[in-house]
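K.L.:
To be precise about what I am sending: the file is called model01.tsv and holds TSV, C-alpha atoms.
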```tsv
chain	number	residue	atom	x	y	z
A	686	MET	CA	-85.05	83.61	-8.89
A	687	LYS	CA	-86.05	83.33	-12.55
A	688	SER	CA	-85.88	86.53	-14.57
A	689	LYS	CA	-89.63	86.52	-15.20
A	690	GLU	CA	-90.33	86.19	-11.48
A	691	LYS	CA	-87.76	88.83	-10.68
A	692	GLY	CA	-89.47	91.17	-13.14
A	693	TRP	CA	-92.83	90.58	-11.47
A	694	VAL	CA	-91.41	91.10	-7.98
A	695	SER	CA	-89.49	94.16	-9.13
A	696	ASN	CA	-92.65	95.60	-10.66
A	697	LEU	CA	-94.54	95.00	-7.42
A	698	LEU	CA	-91.85	96.55	-5.24
A	699	ASN	CA	-91.50	99.55	-7.56
A	700	TRP	CA	-95.23	100.12	-7.86
A	701	GLY	CA	-95.95	103.81	-8.31
A	702	ARG	CA	-92.44	104.63	-9.52
A	703	GLU	CA	-91.76	105.56	-13.08
A	704	ARG	CA	-89.89	102.79	-14.88
A	705	GLN	CA	-86.64	103.74	-16.58
A	706	MET	CA	-86.63	103.07	-20.31
A	707	THR	CA	-83.99	100.69	-21.63
A	708	ALA	CA	-81.53	101.67	-24.35
A	709	HIS	CA	-83.44	99.76	-27.01
A	710	GLU	CA	-86.73	101.38	-25.96
A	711	ARG	CA	-85.15	104.83	-26.23
A	712	LEU	CA	-83.71	103.99	-29.65
A	713	TYR	CA	-87.06	102.68	-30.79
A	714	GLY	CA	-88.75	105.88	-29.59
A	715	ALA	CA	-86.18	107.97	-31.46
A	716	ALA	CA	-86.69	105.87	-34.60
A	717	ILE	CA	-90.44	106.44	-34.37
A	718	GLU	CA	-89.90	110.20	-34.10
A	719	ILE	CA	-87.71	110.20	-37.21
A	720	ALA	CA	-90.12	107.96	-39.13
A	721	ARG	CA	-93.06	110.25	-38.29
A	722	ARG	CA	-91.45	113.44	-39.55
A	723	PRO	CA	-93.97	115.21	-41.80
A	724	ASP	CA	-91.38	115.78	-44.56
A	725	LEU	CA	-91.11	112.06	-45.15
A	726	PHE	CA	-94.76	112.02	-46.15
A	727	ALA	CA	-95.31	115.51	-47.60
A	728	LYS	CA	-91.99	116.11	-49.35
A	729	TYR	CA	-90.89	112.61	-50.32
A	730	GLY	CA	-94.27	111.09	-51.10
A	731	VAL	CA	-94.58	108.28	-48.58
A	732	THR	CA	-98.28	107.48	-48.16
A	733	ASP	CA	-99.66	108.56	-44.80
A	734	ASP	CA	-101.48	105.35	-43.98
A	735	VAL	CA	-100.76	102.21	-41.97
A	736	ASP	CA	-98.58	100.70	-44.70
A	737	GLY	CA	-96.65	103.91	-45.32
A	738	ARG	CA	-96.02	104.41	-41.63
A	739	PHE	CA	-94.79	100.83	-41.24
A	740	ASP	CA	-92.50	101.26	-44.24
A	741	ALA	CA	-91.12	104.55	-42.89
A	742	LEU	CA	-90.44	102.95	-39.52
A	743	ALA	CA	-88.90	99.89	-41.19
A	744	LEU	CA	-86.54	102.18	-43.11
A	745	VAL	CA	-85.38	104.09	-40.04
A	746	VAL	CA	-85.03	101.01	-37.84
A	747	SER	CA	-83.10	99.29	-40.65
A	748	LEU	CA	-80.64	102.17	-40.78
A	749	VAL	CA	-80.24	102.22	-37.00
A	750	MET	CA	-79.71	98.44	-36.91
A	751	ARG	CA	-77.15	98.71	-39.71
A	752	ARG	CA	-75.12	101.14	-37.60
A	753	LEU	CA	-75.54	99.17	-34.36
A	754	LYS	CA	-74.18	96.02	-35.97
A	755	GLU	CA	-70.91	97.89	-36.58
A	756	LEU	CA	-70.53	98.53	-32.83
A	757	GLY	CA	-69.39	95.08	-31.75
A	758	GLU	CA	-71.23	92.53	-29.67
A	759	ASN	CA	-73.06	95.12	-27.55
A	760	GLY	CA	-74.28	96.83	-30.71
A	761	ARG	CA	-75.46	93.55	-32.20
A	762	ASP	CA	-77.30	92.68	-28.98
A	763	LEU	CA	-78.91	96.12	-28.90
A	764	SER	CA	-79.87	95.72	-32.55
A	765	GLN	CA	-81.69	92.48	-31.73
A	766	HIS	CA	-83.47	94.11	-28.79
A	767	LEU	CA	-84.48	97.01	-31.06
A	768	PHE	CA	-85.93	94.53	-33.57
A	769	ASP	CA	-87.78	92.73	-30.76
A	770	SER	CA	-89.18	96.02	-29.45
A	771	MET	CA	-90.41	97.00	-32.89
A	772	PHE	CA	-92.30	93.77	-33.39
A	773	ALA	CA	-93.69	93.68	-29.86
A	774	ASP	CA	-95.06	97.13	-30.69
A	775	MET	CA	-96.44	95.87	-34.02
A	776	ASP	CA	-98.17	93.03	-32.16
A	777	LEU	CA	-99.71	95.45	-29.66
A	778	SER	CA	-100.74	97.88	-32.41
A	779	LEU	CA	-102.50	95.16	-34.38
A	780	ARG	CA	-104.36	94.05	-31.27
A	781	GLU	CA	-105.38	97.65	-30.53
A	782	MET	CA	-106.70	97.94	-34.10
A	783	GLY	CA	-108.93	94.96	-33.39
A	784	ALA	CA	-107.08	92.08	-35.02
A	785	GLY	CA	-108.01	88.78	-33.41
A	786	ASP	CA	-105.49	86.76	-31.41
A	787	LEU	CA	-105.28	84.04	-34.04
A	788	GLY	CA	-104.45	86.44	-36.85
A	789	VAL	CA	-101.98	88.65	-35.00
A	790	SER	CA	-99.05	86.24	-34.84
A	791	LYS	CA	-99.37	85.44	-38.54
A	792	ARG	CA	-99.52	89.13	-39.47
A	793	VAL	CA	-96.56	89.97	-37.26
A	794	ARG	CA	-94.57	87.13	-38.84
A	795	VAL	CA	-95.37	88.46	-42.33
A	796	MET	CA	-94.38	91.97	-41.23
A	797	ALA	CA	-91.11	90.68	-39.74
A	798	GLU	CA	-90.28	88.85	-42.97
A	799	ALA	CA	-91.05	92.00	-44.97
A	800	PHE	CA	-88.85	94.00	-42.62
A	801	MET	CA	-85.94	91.59	-43.02
A	802	GLY	CA	-86.20	91.90	-46.80
A	803	ARG	CA	-86.13	95.69	-46.52
A	804	LEU	CA	-83.21	95.58	-44.07
A	805	ASP	CA	-81.22	93.46	-46.52
A	806	ALA	CA	-82.09	95.60	-49.56
A	807	TYR	CA	-81.32	98.93	-47.88
A	808	THR	CA	-78.16	97.71	-46.16
A	809	THR	CA	-76.76	96.08	-49.29
A	810	ALA	CA	-77.44	99.14	-51.44
A	811	ILE	CA	-75.93	101.58	-48.93
A	812	ASP	CA	-72.91	99.38	-48.17
A	813	ASN	CA	-72.19	99.09	-51.92
A	814	ASP	CA	-72.79	102.80	-52.62
A	815	ASP	CA	-75.42	101.71	-55.13
A	816	ARG	CA	-77.82	104.64	-55.48
A	817	GLU	CA	-79.78	102.85	-58.20
A	818	ALA	CA	-80.41	99.75	-56.07
A	819	LEU	CA	-81.38	101.98	-53.13
A	820	ALA	CA	-83.81	103.93	-55.32
A	821	GLU	CA	-85.37	100.70	-56.57
A	822	ALA	CA	-85.71	99.34	-53.03
A	823	LEU	CA	-87.28	102.59	-51.81
A	824	GLU	CA	-89.70	102.67	-54.75
A	825	ARG	CA	-90.64	99.03	-54.26
A	826	ASN	CA	-91.14	99.32	-50.50
A	827	LEU	CA	-91.44	102.84	-49.13
A	828	LEU	CA	-93.24	104.31	-52.15
A	829	ARG	CA	-95.35	101.27	-53.00
A	830	GLY	CA	-98.59	103.22	-52.58
A	831	VAL	CA	-97.54	105.94	-55.02
A	832	ASP	CA	-98.73	105.86	-58.66
A	833	GLU	CA	-95.41	106.80	-60.29
A	834	PRO	CA	-92.70	106.59	-57.65
A	835	ASP	CA	-89.38	108.28	-58.33
A	836	ALA	CA	-87.11	108.17	-55.32
A	837	ARG	CA	-84.31	109.90	-57.23
A	838	GLN	CA	-86.37	112.85	-58.39
A	839	SER	CA	-88.08	113.46	-55.05
A	840	GLY	CA	-84.76	113.56	-53.19
A	841	LEU	CA	-85.65	110.52	-51.09
A	842	VAL	CA	-82.42	108.70	-51.98
A	843	ASP	CA	-80.39	111.73	-50.87
A	844	TYR	CA	-82.39	111.95	-47.63
A	845	VAL	CA	-81.84	108.26	-46.83
A	846	LEU	CA	-78.12	108.50	-47.58
A	847	ALA	CA	-77.87	111.63	-45.40
A	848	LEU	CA	-79.65	109.81	-42.57
A	849	ALA	CA	-77.31	106.81	-42.95
A	850	ALA	CA	-74.29	109.17	-42.94
A	851	ALA	CA	-75.56	110.92	-39.81
A	852	LEU	CA	-75.91	107.54	-38.10
A	853	GLU	CA	-72.36	106.63	-39.18
A	854	THR	CA	-70.98	109.71	-37.45
A	855	ALA	CA	-73.24	109.44	-34.39
A	856	ASP	CA	-71.34	108.80	-31.18
A	857	ALA	CA	-71.11	105.05	-30.57
A	858	GLY	CA	-71.40	105.43	-26.79
A	859	ASP	CA	-74.52	107.55	-27.13
A	860	MET	CA	-76.11	104.98	-29.43
A	861	LEU	CA	-75.27	102.10	-27.11
A	862	ASN	CA	-76.95	104.11	-24.34
A	863	GLY	CA	-80.06	104.55	-26.48
A	864	GLU	CA	-79.50	108.12	-27.61
A	865	LEU	CA	-79.69	109.31	-31.20
A	866	ARG	CA	-78.17	112.71	-31.84
A	867	LEU	CA	-78.36	113.24	-35.58
A	868	GLY	CA	-78.38	116.99	-35.96
A	869	ASP	CA	-80.55	118.46	-38.70
A	870	VAL	CA	-81.09	115.33	-40.79
```
Can the structure from this file be put into structure tokens for me?

P.N.:
Amino acid sequence: MKSKEKGWVSNLLNWGRERQMTAHERLYGAAIEIARRPDLFAKYGVTDDVDGRFDALALVVSLVMRRLKELGENGRDLSQHLFDSMFADMDLSLREMGAGDLGVSKRVRVMAEAFMGRLDAYTTAIDNDDREALAEALERNLLRGVDEPDARQSGLVDYVLALAAALETADAGDMLNGELRLGDV
């Protein structure tokens, strides 16, 4: 039986039962919770609009993917599923906001390309311990709606590095099972 057919049959047979979330869905939900923390907007100056929320989510998912890629083949697979979940959600969100079918795929593609640029910039800066490059990337992307962004002064660079460090020390098994336990970060 093809996997798509199996999914349909499984859904029919399990009708009325609550579906168990997959590891990547749980990680995506945890990333959303972190990205929606009020401090990110109030304390660090991220604009609380559609663009700011996308950029906050892109930052957190980038950091989670960076860590997952260090966890071997299973981590890399989970990282890809996390990416796919994020952009399936972006597609759905755009449709719910009223974007037409023809424009959605183009917008999602543009968002995915923007995300990949952010992933590269954040990962490279953190991997090279380059606070200046990280600050520039955050100002260019996460603080793009702010008149005079200063990621260093606001403490945003320190926050992002603390979040990356918390992910580095997070239990690999927990992460591969879709759980993020990051403490007070």

K.L.:
Taking 6 positions as the minimum chain separation for residues in the same chain, which residues sit within 9 Å of Asp856 of chain A when counting all atoms listed in the file? Answer as a list in words.

P.N.:
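The contact residues come out as Glu864, Leu865 and Arg866 of chain A.
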
K.L.:
Set out as a tab-separated table a contact list for segment 732-770 of chain A and segment 785-808 of chain A with a cut-off of 8 Å, giving each residue of segment 732-770 of chain A that qualifies its closest atom pair and distance in Å to one decimal, counting only C-alpha atoms, ordered by chain and rising residue number.

P.N.:
```
residue	atom	partner	partner_atom	distance
A:Ala743	CA	A:Phe800	CA	6.1
A:Leu744	CA	A:Arg803	CA	7.3
A:Ser747	CA	A:Leu804	CA	5.0
A:Leu748	CA	A:Thr808	CA	7.4
A:Arg751	CA	A:Thr808	CA	6.6
```

K.L.:
Within 9 Å of Ile717 of chain A, counting all atoms listed in the file, which residues qualify if same-chain residues fewer than 5 places away don't, as a PDB file with C-alpha atoms, in the coordinates of the input?

P.N.:
```
ATOM      1  CA  LEU A 712     -83.710 103.990 -29.650  1.00  0.00           C
ATOM      2  CA  ARG A 722     -91.450 113.440 -39.550  1.00  0.00           C
ATOM      3  CA  ALA A 741     -91.120 104.550 -42.890  1.00  0.00           C
ATOM      4  CA  LEU A 742     -90.440 102.950 -39.520  1.00  0.00           C
ATOM      5  CA  VAL A 745     -85.380 104.090 -40.040  1.00  0.00           C
ATOM      6  CA  VAL A 746     -85.030 101.010 -37.840  1.00  0.00           C
TER       7      VAL A 746
END
```

K.L.:
Excluding segment 846-852 of chain A and its own-chain neighbours fewer than 3 positions away, which residues fall within 10 Å of it when counting all atoms listed in the file? Please give them as a PyMOL selection string.

P.N.:
chain A and resi 719+745+747-753+808+811+814+816+819+841-843+855-857+860+865-870

K.L.:
Which distance in Å separates atom CA of Gln765 of chain A and atom CA of Asp724 of chain A, to one decimal?

P.N.:
28.3 Å

K.L.:
Need the shell around Met706 of chain A: protein/DNA/RNA residues with any atom at most 12 Å away, counting all atoms listed in the file. Skip same-chain ones fewer than 4 positions apart. Format as a list in words?

P.N.:
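Returned residues: Glu710, Arg711, Leu712, Tyr713, Gly714, Ser770, Asn862, Gly863 and Glu864 of chain A.
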
K.L.:
Generate the output file for the selected residues, C-alpha atoms, as a PDB file, in the frame of the given file.

P.N.:
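That gives us out_37.pdb:
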```
ATOM      1  CA  GLU A 710     -86.730 101.380 -25.960  1.00  0.00           C
ATOM      2  CA  ARG A 711     -85.150 104.830 -26.230  1.00  0.00           C
ATOM      3  CA  LEU A 712     -83.710 103.990 -29.650  1.00  0.00           C
ATOM      4  CA  TYR A 713     -87.060 102.680 -30.790  1.00  0.00           C
ATOM      5  CA  GLY A 714     -88.750 105.880 -29.590  1.00  0.00           C
ATOM      6  CA  SER A 770     -89.180  96.020 -29.450  1.00  0.00           C
ATOM      7  CA  ASN A 862     -76.950 104.110 -24.340  1.00  0.00           C
ATOM      8  CA  GLY A 863     -80.060 104.550 -26.480  1.00  0.00           C
ATOM      9  CA  GLU A 864     -79.500 108.120 -27.610  1.00  0.00           C
TER      10      GLU A 864
END
```

K.L.:
For atom CA of Leu828 of chain A and atom CA of Leu725 of chain A, determine how far apart the two atoms are, in Å to one decimal place.

P.N.:
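We find that atom CA of Leu828 of chain A and atom CA of Leu725 of chain A lie 10.7 Å from each other.
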
K.L.:
Can you measure atom CA of Asp736 of chain A to atom CA of Phe768 of chain A for me? One decimal in Å is fine.

P.N.:
17.9 Å

K.L.:
Using all atoms listed in the file, which residues sit within 12 Å of Glu833 of chain A once same-chain residues fewer than 6 positions away are excluded, as a PDB file with C-alpha atoms, in the frame of the given file?

P.N.:
```pdb
ATOM      1  CA  GLY A 730     -94.270 111.090 -51.100  1.00  0.00           C
ATOM      2  CA  VAL A 731     -94.580 108.280 -48.580  1.00  0.00           C
ATOM      3  CA  GLU A 824     -89.700 102.670 -54.750  1.00  0.00           C
ATOM      4  CA  ARG A 825     -90.640  99.030 -54.260  1.00  0.00           C
ATOM      5  CA  SER A 839     -88.080 113.460 -55.050  1.00  0.00           C
TER       6      SER A 839
END
```
